[in-house]
Structures are given as C-alpha cells and as structure tokens.
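Asks: Pasting upload_14.cif here (mmCIF, C-alpha atoms):
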```cif
data_entry
loop_
_atom_site.label_atom_id
_atom_site.label_comp_id
_atom_site.auth_asym_id
_atom_site.auth_seq_id
_atom_site.Cartn_x
_atom_site.Cartn_y
_atom_site.Cartn_z
CA MET X 191 78.19 134.50 205.37
CA ALA X 192 76.96 131.23 203.91
CA MET X 193 75.24 133.00 201.05
CA SER X 194 78.34 135.09 200.32
CA VAL X 195 80.43 131.96 199.88
CA ILE X 196 77.75 130.17 197.84
CA TRP X 197 77.25 133.17 195.57
CA THR X 198 80.99 133.60 194.97
CA VAL X 199 81.41 129.88 194.26
CA MET X 200 78.47 129.92 191.83
CA VAL X 201 79.78 132.95 189.93
CA GLY X 202 83.34 131.61 190.00
CA ALA X 203 82.29 128.21 188.66
CA ALA X 204 80.21 129.88 185.94
CA VAL X 205 83.07 132.12 184.76
CA LEU X 206 85.73 129.38 184.81
CA CYS X 207 83.48 126.79 183.15
CA GLY X 208 82.23 129.31 180.63
CA LEU X 209 85.81 130.15 179.62
CA ALA X 210 86.87 126.49 179.52
CA THR X 211 83.90 125.27 177.48
CA GLY X 212 83.58 128.26 175.19
CA ASN X 213 80.31 129.33 176.77
CA GLY X 214 81.77 132.65 177.94
CA PRO X 215 79.39 134.88 175.93
CA ALA X 216 76.40 132.86 177.16
CA VAL X 217 77.56 133.36 180.77
CA ALA X 218 77.81 137.11 180.20
CA ARG X 219 74.30 137.17 178.75
CA GLY X 220 73.10 134.97 181.63
CA ALA X 221 74.23 137.57 184.15
CA LEU X 222 72.08 140.26 182.51
CA ASP X 223 69.09 137.94 181.99
CA GLY X 224 69.30 136.68 185.57
CA ALA X 225 69.29 140.15 187.08
CA ALA X 226 66.24 141.06 185.00
CA ALA X 227 64.56 137.79 185.97
CA GLY X 228 65.04 138.64 189.66
CA VAL X 229 63.09 141.86 189.23
CA GLU X 230 60.42 140.16 187.12
CA LEU X 231 59.97 137.34 189.63
CA SER X 232 59.55 139.62 192.62
CA LEU X 233 57.20 141.94 190.72
CA SER X 234 55.13 139.07 189.35
CA THR X 235 54.71 137.56 192.82
CA MET X 236 53.98 140.91 194.47
CA GLY X 237 50.21 140.71 193.95
CA VAL X 238 49.84 137.21 195.40
CA MET X 239 52.17 138.15 198.24
CA CYS X 240 50.00 141.13 199.17
CA LEU X 241 46.81 139.10 198.80
CA TRP X 242 48.01 136.53 201.33
CA THR X 243 49.44 138.98 203.85
CA GLY X 244 46.01 140.64 203.61
CA VAL X 245 44.12 137.38 204.21
CA MET X 246 46.52 136.61 207.08
CA GLU X 247 45.76 139.99 208.66
CA VAL X 248 42.02 139.24 208.53
CA MET X 249 42.66 135.74 209.96
CA ARG X 250 44.57 137.31 212.83
CA ARG X 251 41.96 139.97 213.58
CA CYS X 252 39.08 137.50 213.68
CA GLY X 253 40.86 134.85 215.73
CA ILE X 254 41.29 132.10 213.10
CA ALA X 255 45.07 132.49 213.27
CA GLY X 256 44.97 132.07 217.05
CA GLY X 257 42.83 128.92 216.68
CA LEU X 258 45.30 127.41 214.22
CA SER X 259 48.16 128.22 216.58
CA ARG X 260 46.46 126.48 219.49
CA LEU X 261 45.86 123.43 217.29
CA LEU X 262 49.49 123.20 216.14
CA ARG X 263 51.00 124.36 219.43
CA PRO X 264 52.10 120.92 220.72
CA VAL X 265 54.31 120.49 217.62
CA LEU X 266 55.46 124.07 217.21
CA ARG X 267 56.38 124.51 220.89
CA ARG X 268 59.02 121.80 220.49
CA LEU X 269 60.30 123.09 217.14
CA TYR X 270 60.49 126.72 218.23
CA PRO X 271 61.08 126.70 222.00
CA GLY X 272 62.52 130.23 221.88
CA TYR X 273 59.25 131.68 220.54
CA ALA X 274 56.69 129.51 222.36
CA GLY X 275 55.53 132.55 224.33
CA ASP X 276 55.34 134.97 221.38
CA ARG X 277 51.76 134.98 220.08
CA ARG X 278 52.47 136.89 216.88
CA VAL X 279 55.34 134.61 215.82
CA MET X 280 53.35 131.48 216.69
CA ASP X 281 50.31 132.71 214.69
CA ALA X 282 52.43 133.36 211.60
CA VAL X 283 54.38 130.10 211.91
CA SER X 284 51.21 128.01 212.24
CA ALA X 285 49.60 129.76 209.25
CA ASN X 286 52.81 129.09 207.28
CA LEU X 287 52.76 125.39 208.25
CA SER X 288 49.06 125.03 207.39
CA ALA X 289 49.55 126.63 203.96
CA ASN X 290 52.55 124.34 203.33
CA LEU X 291 50.56 121.22 204.20
CA LEU X 292 47.72 122.30 201.88
CA GLY X 293 50.23 122.88 199.10
CA LEU X 294 49.49 126.61 198.88
CA GLY X 295 53.10 127.59 198.19
CA ASN X 296 52.03 131.09 197.12
CA ALA X 297 50.42 131.62 200.52
CA ALA X 298 53.08 129.82 202.57
CA THR X 299 55.92 132.12 201.49
CA PRO X 300 54.43 135.49 202.56
CA LEU X 301 53.21 133.95 205.84
CA GLY X 302 56.63 132.42 206.49
CA LEU X 303 58.38 135.69 205.62
CA GLU X 304 56.19 137.47 208.16
CA ALA X 305 57.24 134.93 210.80
CA ALA X 306 60.88 135.40 209.78
CA ARG X 307 60.61 139.19 210.06
CA LEU X 308 59.05 138.96 213.54
CA MET X 309 61.67 136.43 214.69
CA ALA X 310 64.49 138.68 213.49
CA GLU X 311 63.28 141.77 215.41
CA GLY X 312 66.14 142.98 217.61
CA SER X 313 68.42 140.10 216.65
CA GLY X 314 71.18 142.34 215.29
CA GLY X 315 71.55 140.50 211.97
CA THR X 316 72.23 137.04 213.43
CA ALA X 317 69.77 134.22 212.79
CA SER X 318 68.21 132.77 215.96
CA ASP X 319 67.71 129.02 216.37
CA GLY X 320 64.00 129.52 215.67
CA LEU X 321 64.66 131.37 212.42
CA CYS X 322 67.12 128.68 211.25
CA MET X 323 64.48 126.03 212.02
CA LEU X 324 61.83 128.01 210.12
CA VAL X 325 64.09 128.22 207.06
CA VAL X 326 65.02 124.52 207.23
CA CYS X 327 61.35 123.52 207.53
CA ASN X 328 60.47 125.69 204.53
CA THR X 329 63.32 124.32 202.39
CA ALA X 330 61.89 120.84 202.95
CA SER X 331 58.59 120.15 201.24
CA LEU X 332 55.66 119.52 203.59
CA GLN X 333 53.02 119.41 200.87
CA LEU X 334 50.55 116.55 201.37
CA ILE X 335 49.30 116.43 197.76
CA PRO X 336 51.94 117.39 195.14
CA THR X 337 49.44 118.70 192.58
CA THR X 338 51.94 120.24 190.11
CA VAL X 339 53.93 117.04 189.73
CA ALA X 340 50.75 114.97 189.48
CA SER X 341 49.53 117.17 186.64
CA VAL X 342 52.87 116.75 184.80
CA ARG X 343 52.52 112.97 185.16
CA ALA X 344 48.91 113.11 184.00
CA ALA X 345 49.93 115.13 180.94
CA ALA X 346 52.56 112.49 180.11
CA GLY X 347 49.88 109.79 180.15
CA SER X 348 50.40 108.17 183.55
CA ALA X 349 47.99 105.34 184.41
CA ASP X 350 47.53 106.79 187.90
CA PRO X 351 49.15 110.22 188.44
CA PHE X 352 48.67 110.03 192.23
CA ASP X 353 50.18 106.56 192.74
CA ILE X 354 53.43 108.24 193.86
CA LEU X 355 51.79 109.72 196.99
CA PRO X 356 53.08 107.12 199.51
CA ALA X 357 56.60 107.49 198.09
CA VAL X 358 56.36 111.30 198.23
CA TRP X 359 55.18 111.20 201.84
CA LEU X 360 57.93 108.79 202.84
CA ALA X 361 60.62 110.91 201.14
CA SER X 362 59.17 114.15 202.60
CA VAL X 363 59.08 112.75 206.14
CA VAL X 364 62.67 111.51 205.87
CA SER X 365 63.82 114.84 204.43
CA VAL X 366 62.03 116.95 207.07
CA ALA X 367 63.16 114.68 209.91
CA VAL X 368 66.81 114.84 208.79
CA GLY X 369 66.58 118.63 208.38
CA ILE X 370 65.10 119.12 211.86
CA ALA X 371 67.60 116.72 213.43
CA ALA X 372 70.51 118.47 211.68
CA ALA X 373 69.24 121.89 212.79
CA LYS X 374 68.77 120.75 216.41
CA LEU X 375 72.23 119.15 216.51
CA LEU X 376 74.01 122.07 214.84
CA SER X 377 72.26 124.61 217.07
CA LYS X 378 74.21 123.21 220.03
CA VAL X 379 77.63 123.62 218.43
CA TRP X 380 77.22 126.50 215.90
CA ARG X 381 76.78 129.72 217.86
CA MET V 18 39.97 116.14 192.18
CA ASP V 19 41.35 118.85 189.89
CA LEU V 20 38.41 121.16 190.53
CA PHE V 21 38.87 120.67 194.27
CA PHE V 22 42.46 121.94 194.16
CA THR V 23 41.59 124.78 191.80
CA MET V 24 38.81 125.99 194.07
CA LEU V 25 40.78 125.56 197.32
CA VAL V 26 42.20 129.09 197.32
CA PRO V 27 39.00 131.01 196.43
CA CYS V 28 37.00 128.95 198.93
CA LEU V 29 39.57 129.59 201.69
CA MET V 30 39.35 133.32 201.00
CA LEU V 31 35.56 133.21 201.17
CA ALA V 32 35.60 131.18 204.38
CA VAL V 33 37.99 133.59 206.10
CA ALA V 34 36.01 136.66 205.00
CA THR V 35 32.67 135.16 206.09
CA ALA V 36 34.01 134.06 209.48
CA ALA V 37 35.50 137.52 210.01
CA LEU V 38 32.25 139.31 209.09
CA PHE V 39 30.31 137.18 211.57
CA ARG V 40 32.74 138.23 214.27
CA ARG V 41 32.27 141.87 213.27
CA VAL V 42 35.84 142.25 212.02
CA ASP V 43 36.51 144.90 209.36
CA VAL V 44 37.49 142.57 206.50
CA TRP V 45 38.32 145.34 204.04
CA SER V 46 40.78 147.23 206.23
CA GLY V 47 42.37 143.91 207.22
CA ILE V 48 42.94 143.02 203.56
CA THR V 49 44.35 146.44 202.70
CA ASP V 50 46.51 146.83 205.83
CA GLY V 51 47.91 143.35 205.28
CA ALA V 52 48.57 144.04 201.60
CA ARG V 53 50.46 147.20 202.55
CA ALA V 54 52.76 145.10 204.74
CA GLY V 55 53.12 142.58 201.91
CA LEU V 56 54.30 145.33 199.58
CA LYS V 57 57.21 146.02 201.89
CA VAL V 58 58.07 142.30 202.04
CA SER V 59 58.06 142.11 198.22
CA LEU V 60 60.51 144.99 198.01
CA ASN V 61 62.74 143.42 200.66
CA ILE V 62 63.07 140.15 198.76
CA MET V 63 63.83 141.81 195.42
CA PRO V 64 67.56 142.49 196.08
CA PRO V 65 68.35 138.91 197.19
CA LEU V 66 66.40 137.54 194.23
CA ILE V 67 68.34 139.69 191.76
CA GLY V 68 71.60 138.44 193.25
CA LEU V 69 70.56 134.80 193.33
CA LEU V 70 69.05 134.62 189.85
CA THR V 71 72.05 136.37 188.30
CA ALA V 72 74.34 133.64 189.66
CA VAL V 73 71.88 130.87 188.75
CA TYR V 74 71.51 132.04 185.14
CA MET V 75 75.28 132.39 184.75
CA LEU V 76 75.81 128.91 186.16
CA ARG V 77 73.20 127.36 183.89
CA ALA V 78 74.67 129.04 180.80
CA SER V 79 78.24 127.99 181.62
CA GLY V 80 77.78 124.24 181.31
CA ALA V 81 79.12 123.74 184.84
CA LEU V 82 76.06 121.71 185.83
CA GLU V 83 76.74 119.20 183.05
CA LEU V 84 80.37 118.81 184.16
CA LEU V 85 79.23 118.32 187.75
CA ARG V 86 76.66 115.78 186.62
CA ASP V 87 79.30 113.69 184.83
CA ALA V 88 81.59 113.88 187.85
CA LEU V 89 78.92 112.89 190.36
CA SER V 90 77.06 110.17 188.44
CA PRO V 91 79.19 107.15 189.46
CA ALA V 92 79.04 107.95 193.18
CA LEU V 93 75.28 108.63 193.12
CA THR V 94 74.56 105.46 191.15
CA ALA V 95 76.45 103.50 193.79
CA ILE V 96 74.11 104.68 196.57
CA GLY V 97 70.96 103.94 194.56
CA ILE V 98 70.11 107.24 192.87
CA PRO V 99 69.30 106.70 189.15
CA PRO V 100 72.02 108.52 187.15
CA GLU V 101 69.39 109.98 184.78
CA THR V 102 67.99 112.07 187.66
CA VAL V 103 71.34 113.75 188.45
CA PRO V 104 70.59 116.93 186.43
CA LEU V 105 67.33 117.28 188.36
CA LEU V 106 69.06 116.88 191.69
CA LEU V 107 71.59 119.57 190.77
CA VAL V 108 69.11 122.26 189.67
CA ARG V 109 66.48 121.48 192.33
CA PRO V 110 68.05 123.60 195.12
CA VAL V 111 68.72 126.60 192.84
CA SER V 112 65.75 127.01 190.52
CA GLY V 113 62.18 125.79 190.95
CA SER V 114 61.10 126.44 187.34
CA ALA V 115 64.26 124.86 185.88
CA ALA V 116 63.78 121.82 188.12
CA LEU V 117 60.18 121.44 186.99
CA GLY V 118 61.37 121.69 183.37
CA VAL V 119 64.11 119.08 183.84
CA GLY V 120 61.73 116.82 185.79
CA ALA V 121 58.94 117.10 183.22
CA GLU V 122 61.41 116.21 180.48
CA LEU V 123 62.58 113.11 182.38
CA ILE V 124 58.96 112.09 182.94
CA GLN V 125 58.20 112.55 179.23
CA THR V 126 61.33 110.81 177.98
CA TYR V 127 61.33 107.77 180.27
CA GLY V 128 57.56 107.55 180.77
CA PRO V 129 55.60 108.67 183.87
CA ASP V 130 55.29 105.10 185.17
CA SER V 131 58.96 104.14 184.72
CA LEU V 132 61.51 103.98 187.53
CA VAL V 133 63.26 107.16 186.36
CA GLY V 134 59.96 108.99 185.73
CA ARG V 135 58.57 108.09 189.14
CA THR V 136 61.82 108.92 190.94
CA ALA V 137 61.93 112.32 189.25
CA ALA V 138 58.31 112.99 190.25
CA VAL V 139 58.91 111.97 193.86
CA MET V 140 62.07 114.10 194.04
CA LEU V 141 60.12 117.11 192.77
CA GLY V 142 57.26 116.45 195.18
CA SER V 143 59.35 115.97 198.29
CA THR V 144 61.90 118.80 198.06
CA GLU V 145 61.91 122.59 197.69
CA THR V 146 64.05 125.26 196.03
CA THR V 147 66.46 125.54 198.96
CA PHE V 148 68.66 128.47 197.91
CA TYR V 149 65.64 130.51 196.83
CA THR V 150 64.02 129.93 200.22
CA VAL V 151 67.22 130.76 202.11
CA ALA V 152 67.85 133.94 200.09
CA VAL V 153 64.26 135.16 200.37
CA TYR V 154 63.72 134.39 204.07
CA PHE V 155 66.99 135.88 205.29
CA GLY V 156 66.59 138.79 202.87
CA ALA V 157 63.14 139.62 204.21
CA ALA V 158 64.40 139.31 207.81
CA LYS V 159 67.57 141.33 207.00
CA ILE V 160 69.81 138.63 208.46
CA ALA V 161 73.48 138.50 207.46
CA ARG V 162 74.75 135.71 209.75
CA THR V 163 72.73 132.65 208.77
CA ARG V 164 74.71 130.23 211.00
CA TYR V 165 73.87 126.58 210.30
CA ALA V 166 70.68 127.13 208.25
CA VAL V 167 72.24 126.31 204.84
CA PRO V 168 74.12 123.14 205.85
CA ALA V 169 71.06 121.82 207.73
CA ALA V 170 68.80 122.57 204.74
CA LEU V 171 71.20 120.83 202.35
CA CYS V 172 71.24 117.77 204.65
CA ALA V 173 67.45 117.69 204.33
CA ASP V 174 67.72 117.91 200.51
CA ALA V 175 70.28 115.12 200.27
CA ALA V 176 68.16 112.93 202.54
CA GLY V 177 65.09 113.74 200.42
CA PHE V 178 66.78 112.74 197.13
CA LEU V 179 68.10 109.51 198.59
CA ALA V 180 64.79 108.67 200.26
CA ALA V 181 62.92 109.42 197.00
CA SER V 182 65.12 106.96 195.07
CA TRP V 183 64.81 104.29 197.73
CA ALA V 184 61.08 104.79 198.29
CA VAL V 185 60.31 104.35 194.58
CA ARG V 186 62.39 101.14 194.42
CA LEU V 187 60.79 99.88 197.62
CA ILE V 188 57.17 100.59 196.61
CA PHE V 189 57.26 99.94 192.87
CA GLY V 190 60.19 97.51 192.68
CA GLY V 191 63.02 97.68 190.15
#
```
Can I see the file as structure tokens?
Replies:
Amino acid sequence: MAMSVIWTVMVGAAVLCGLATGNGPAVARGALDGAAAGVELSLSTMGVMCLWTGVMEVMRRCGIAGGLSRLLRPVLRRLYPGYAGDRRVMDAVSANLSANLLGLGNAATPLGLEAARLMAEGSGGTASDGLCMLVVCNTASLQLIPTTVASVRAAAGSADPFDILPAVWLASVVSVAVGIAAAKLLSKVWR
Amino acid sequence: MDLFFTMLVPCLMLAVATAALFRRVDVWSGITDGARAGLKVSLNIMPPLIGLLTAVYMLRASGALELLRDALSPALTAIGIPPETVPLLLVRPVSGSAALGVGAELIQTYGPDSLVGRTAAVMLGSTETTFYTVAVYFGAAKIARTRYAVPAALCADAAGFLAASWAVRLIFGG
C-alpha cells in the first residue's frame, strides 16, 4: 500500500505543480519519457543481472556461498531471525551483503532480489520482517569505498578525493543503525 | 587504486570460476542456469520500474522539487544541513542518476574541498536510491503489503543526510 500512496502523491504533486507553474506540457512529456526510461533501464541492466545470478549459482554449487554465509552468520542471524535456518536465503543474503560492502552495486541488486524472492515464497503478498529488514538494509548504503563519488571529486580537482572516507563511514553507520533500529521497533507494532 | 577497483569484478569472476573448477563443479551450466533465473528477475522488475520512473520524470518536469526545496530550506538549515544540498537530498531517494548529476554539479560549483562539496559527496556516498530499491525488491518478490519497510527506510535516509552534514562539519570544521 505504501507504494500506491507514494505513487499517487508523486503524480498528484506533478500535475498540480505543472498546472500552477505552467510546466503542464513538460509534465505530460515526462510521463511518456519516464515510461520509456523504465523499459530502457530494466533492459540495459538485464545483462549484468543475468551475469551475477549466474556467478551466484556457481558460487552456490561450489560452496563459496555457504562459506560466506558461515562467516557472516553471527550478524545475519540477529538481523534475520526468521530465516536463520533457511540455507538458501542465508546464502543469498550474505552474498548480497558482501557485494554491497565491496561496492559492487550491479552484483548486489540481483543477489538481493534472489533473497527477496526466496523470502517471499508462500507469504501471500505480505512482507515478512526479514524481507522488510533486507529492503531497509539495501536502501542504506553499506559501501566501504564510494568509488563513483571519489571519481567525481577527482574530476573536479580535489586535493585528496578519498579524504571523505571517515565521514562517509560515520554517516553510513548512523544511517544503517537508525534504519535497523526503526525496522526492529516497527516490526513489533506494525503487523 | 583506480585499476584495483576496475579489475575487482573480472578478478572475482575468475576466482569463482577457478575455485569451482577445482571442486569439479560444472561452471558453464551454473552460469547459464543462473542467467536464466536472472532473466525472469529482470522481467519482474520491469513493471515497477516503468511505474516509478513515469512518476519521477513527471515530478522532475513539474518544478515541484524546486517548490519543496524553497519550503524546506529554513528548517533544514536550522538543524545543520547546508541549504545548497537540499535539491540533492530531495532527488536522492527517487533517482540515482539525477542525484549523481545534482551532486556532481554542487561539487563542481562549490569546489570538491568546500563544505558544500564535501557534504554533497558524503551524502551521495552514504545513502541509496530508496524508492528504486523498494519498488524493485517488492516487485521482484511480488509483495503488495510492504508494512513498515518504507517508513523505516526513510528514517535511515534522514539519519544519513543529517549525519553526513554533521560528520563533515565535525571532521573538516566549518
């Protein structure tokens, strides 16, 4: 339901503002461009998506995924108590977390989506606490080295493009901690 | 440093394939079976992406973000967020490429080593495109009732923006 409300509010704000500011025609064009961009974006990411689900499958078959899971288990068991016993979910979640930490956003998304799909099996269209936690963790950035931003700073002539690292880590930790705390708190009252 | 990050992905692929071969795992059928599953995931996230990007493009074209920026600036300045970064903070949850564009412009205009430039960089580095993630994850999982996921994720974003502003002031002064 949340997305329904957000979508309606976004479209409503766009139409009203467009009319009020004289940007109405631009809003109409935006609707067509946006729909086309949605198709383009999913098609252009399809190859990378398939590459990483393929690599993940190999990692699972040869036991690397299981090794990663065992390594990250102490953390993940607390974050996803409902799935602590589910090997397949735990493998996908730990691969997703590892890719996020390495800054491989292109790899993290397909791996996370696989975890989401497995978590949703037999849930009847309602998000479980584990799935909400997975989404919250993936909406917060866990990347250790923000390479894209560093390259933008380097291009702009920064004296030391990576001098923001401590600040990025501090902000990331605060953001992730608040997200996890909010999810844990809300899970008790929002059924 | 740059070469290291560029080569990270190819080297990871090679490492996984080599380890799998040594354990007598059929690498090729793993890659192709996995890719087949990925194809299905791609198709599942296309409908939510079409919906989301339509609304995002309409919103960006309407000038609503500018109005919101002007309305929010005083309050955000009061809690320590530089007012120049408000446009970035507004587009960050909806569009990753737009946020990178806005952020890069701030970094160019104010200088990469200025308070505004650094805050913009830290904001970009410590947050994600929340609505994209929500739409894509729940779309792939075919979930309609998302419960508290969106409010909790937005709490994380707000905390990230505030922490980014404070961390830059704390570490670099100003």
Asks: Write out as an MDAnalysis selection string the residues lying within 12 Å of Glu230 of chain X, counting all atoms listed in the file and excluding same-chain residues fewer than 3 positions away.
Replies: (chainID X and resid 223:227 233:236) or (chainID V and resid 59:60 62:64 66:67 70)
Asks: Once you have the residues from the selection above, write them out as a PDB file, in the frame of the given file, restricted to C-alpha atoms.
Replies:
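Output below, filename selection-v9.pdb:
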```pdb
ATOM      1  CA  ASP X 223      69.090 137.940 181.990  1.00  0.00           C
ATOM      2  CA  GLY X 224      69.300 136.680 185.570  1.00  0.00           C
ATOM      3  CA  ALA X 225      69.290 140.150 187.080  1.00  0.00           C
ATOM      4  CA  ALA X 226      66.240 141.060 185.000  1.00  0.00           C
ATOM      5  CA  ALA X 227      64.560 137.790 185.970  1.00  0.00           C
ATOM      6  CA  LEU X 233      57.200 141.940 190.720  1.00  0.00           C
ATOM      7  CA  SER X 234      55.130 139.070 189.350  1.00  0.00           C
ATOM      8  CA  THR X 235      54.710 137.560 192.820  1.00  0.00           C
ATOM      9  CA  MET X 236      53.980 140.910 194.470  1.00  0.00           C
TER      10      MET X 236
ATOM     11  CA  SER V  59      58.060 142.110 198.220  1.00  0.00           C
ATOM     12  CA  LEU V  60      60.510 144.990 198.010  1.00  0.00           C
ATOM     13  CA  ILE V  62      63.070 140.150 198.760  1.00  0.00           C
ATOM     14  CA  MET V  63      63.830 141.810 195.420  1.00  0.00           C
ATOM     15  CA  PRO V  64      67.560 142.490 196.080  1.00  0.00           C
ATOM     16  CA  LEU V  66      66.400 137.540 194.230  1.00  0.00           C
ATOM     17  CA  ILE V  67      68.340 139.690 191.760  1.00  0.00           C
ATOM     18  CA  LEU V  70      69.050 134.620 189.850  1.00  0.00           C
TER      19      LEU V  70
END
```
Asks: From the list X:Leu301, X:Leu261, X:Cys240, X:Ile254, which residue is nearest chain V when using all atoms listed in the file?
Replies: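 With all atoms listed in the file as the atom set, the closest residue is X:Cys240.
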Asks: Report as a list of chain:residue names the residues that result from applying the PyMOL selection byres ((chain V and resi 147) around 10) to the structure here.
Replies: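 Taken on the displayed file, the PyMOL selection byres ((chain V and resi 147) around 10) yields the residues X:Val325, X:Val326, X:Asn328, X:Thr329, X:Ala330, X:Ser331, V:Arg109, V:Pro110, V:Val111, V:Ser112, V:Gly113, V:Thr144, V:Glu145, V:Thr146, V:Phe148, V:Tyr149, V:Thr150, V:Val151, V:Ala152, V:Val153, V:Val167, V:Ala170, V:Leu171, V:Ala173, V:Asp174.
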Asks: Would you write out those residues with C-alpha atoms, as a CSV table (one decimal), in the coordinates of the input?
Replies:
```
chain,number,residue,atom,x,y,z
X,325,VAL,CA,64.1,128.2,207.1
X,326,VAL,CA,65.0,124.5,207.2
X,328,ASN,CA,60.5,125.7,204.5
X,329,THR,CA,63.3,124.3,202.4
X,330,ALA,CA,61.9,120.8,203.0
X,331,SER,CA,58.6,120.2,201.2
V,109,ARG,CA,66.5,121.5,192.3
V,110,PRO,CA,68.0,123.6,195.1
V,111,VAL,CA,68.7,126.6,192.8
V,112,SER,CA,65.8,127.0,190.5
V,113,GLY,CA,62.2,125.8,191.0
V,144,THR,CA,61.9,118.8,198.1
V,145,GLU,CA,61.9,122.6,197.7
V,146,THR,CA,64.0,125.3,196.0
V,148,PHE,CA,68.7,128.5,197.9
V,149,TYR,CA,65.6,130.5,196.8
V,150,THR,CA,64.0,129.9,200.2
V,151,VAL,CA,67.2,130.8,202.1
V,152,ALA,CA,67.8,133.9,200.1
V,153,VAL,CA,64.3,135.2,200.4
V,167,VAL,CA,72.2,126.3,204.8
V,170,ALA,CA,68.8,122.6,204.7
V,171,LEU,CA,71.2,120.8,202.4
V,173,ALA,CA,67.4,117.7,204.3
V,174,ASP,CA,67.7,117.9,200.5
```
Asks: Using all atoms listed in the file, pick whichever of X:Ser365, X:Arg219, X:Gly293, X:Leu332 has the shortest atom-to-atom distance to Phe22 of chain V.
Replies: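 Using all atoms listed in the file, Phe22 of chain V sits closest to X:Gly293.
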Asks: Going by the chain IDs and residue numbers used in this file, which residues fall under the PyMOL selection byres ((chain X and resi 306) around 9)? Write them as a list of chain:residue names.
Replies: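 Residues picked by the PyMOL selection byres ((chain X and resi 306) around 9): X:Val279, X:Ala282, X:Val283, X:Leu301, X:Gly302, X:Leu303, X:Glu304, X:Ala305, X:Arg307, X:Leu308, X:Met309, X:Ala310, X:Glu311, X:Gly320, X:Leu321, X:Leu324, X:Val325, V:Tyr154, V:Phe155, V:Ala157, V:Ala158.
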Asks: Can you find the residues with an atom no farther than 9 Å from (58.1, 120.5, 212.6), counting only C-alpha atoms, and report them as a list in words?
Replies: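 Residues satisfying the cut-off, written out: Val265, Leu266, Arg268, Leu269, Tyr270, Leu287, Met323, Leu324, Cys327, Val366, Ala367 and Ile370 of chain X.
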Asks: Any idea what the distance is between atom CA of Ala255 of chain X and atom CA of Asp281 of chain X?
Replies: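 Pair atom CA of Ala255 of chain X / atom CA of Asp281 of chain X returns 5.4 Å.
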Asks: Hey, can you check how far atom CA of Leu106 of chain V sits from atom CA of Ser288 of chain X?
Replies: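 Atom CA of Ser288 of chain X lies 26.7 Å from atom CA of Leu106 of chain V.
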Asks: Set the distance at 10 Å and use only C-alpha atoms: which residues neighbour segment 29-45 of chain V once local chain neighbours fewer than 6 positions away are removed? I'd like the list as a list in words.
Replies: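 The contact residues come out as Leu241, Trp242, Gly244, Val245, Met246, Glu247, Val248, Met249, Arg250, Arg251, Cys252, Gly253 and Ile254 of chain X; Gly51 of chain V.
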Asks: Fewer than 5 positions away in the same chain doesn't count, so skip those; otherwise give me all residues within 10 Å of Arg186 of chain V, counting only C-alpha atoms, as a list in words.
Replies: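 Selected residues are Ala357 of chain X; Gly97, Ile98, Leu132, Arg135, Thr136, Ala180, Ala181 and Gly191 of chain V.
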Asks: Find the distance between atom CA of Pro271 of chain X and atom CA of Pro300 of chain X and write it in Å to one decimal.
Replies: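 Answer for the atom CA of Pro271 of chain X to atom CA of Pro300 of chain X separation: 22.3 Å.
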Asks: Skip Ala216 of chain X itself and residues of its chain fewer than 5 positions away, then list as JSON, numbers by chain all residues within 8 Å of it, counting all atoms listed in the file.
Replies: {"X": [208], "V": [75, 78, 79]}
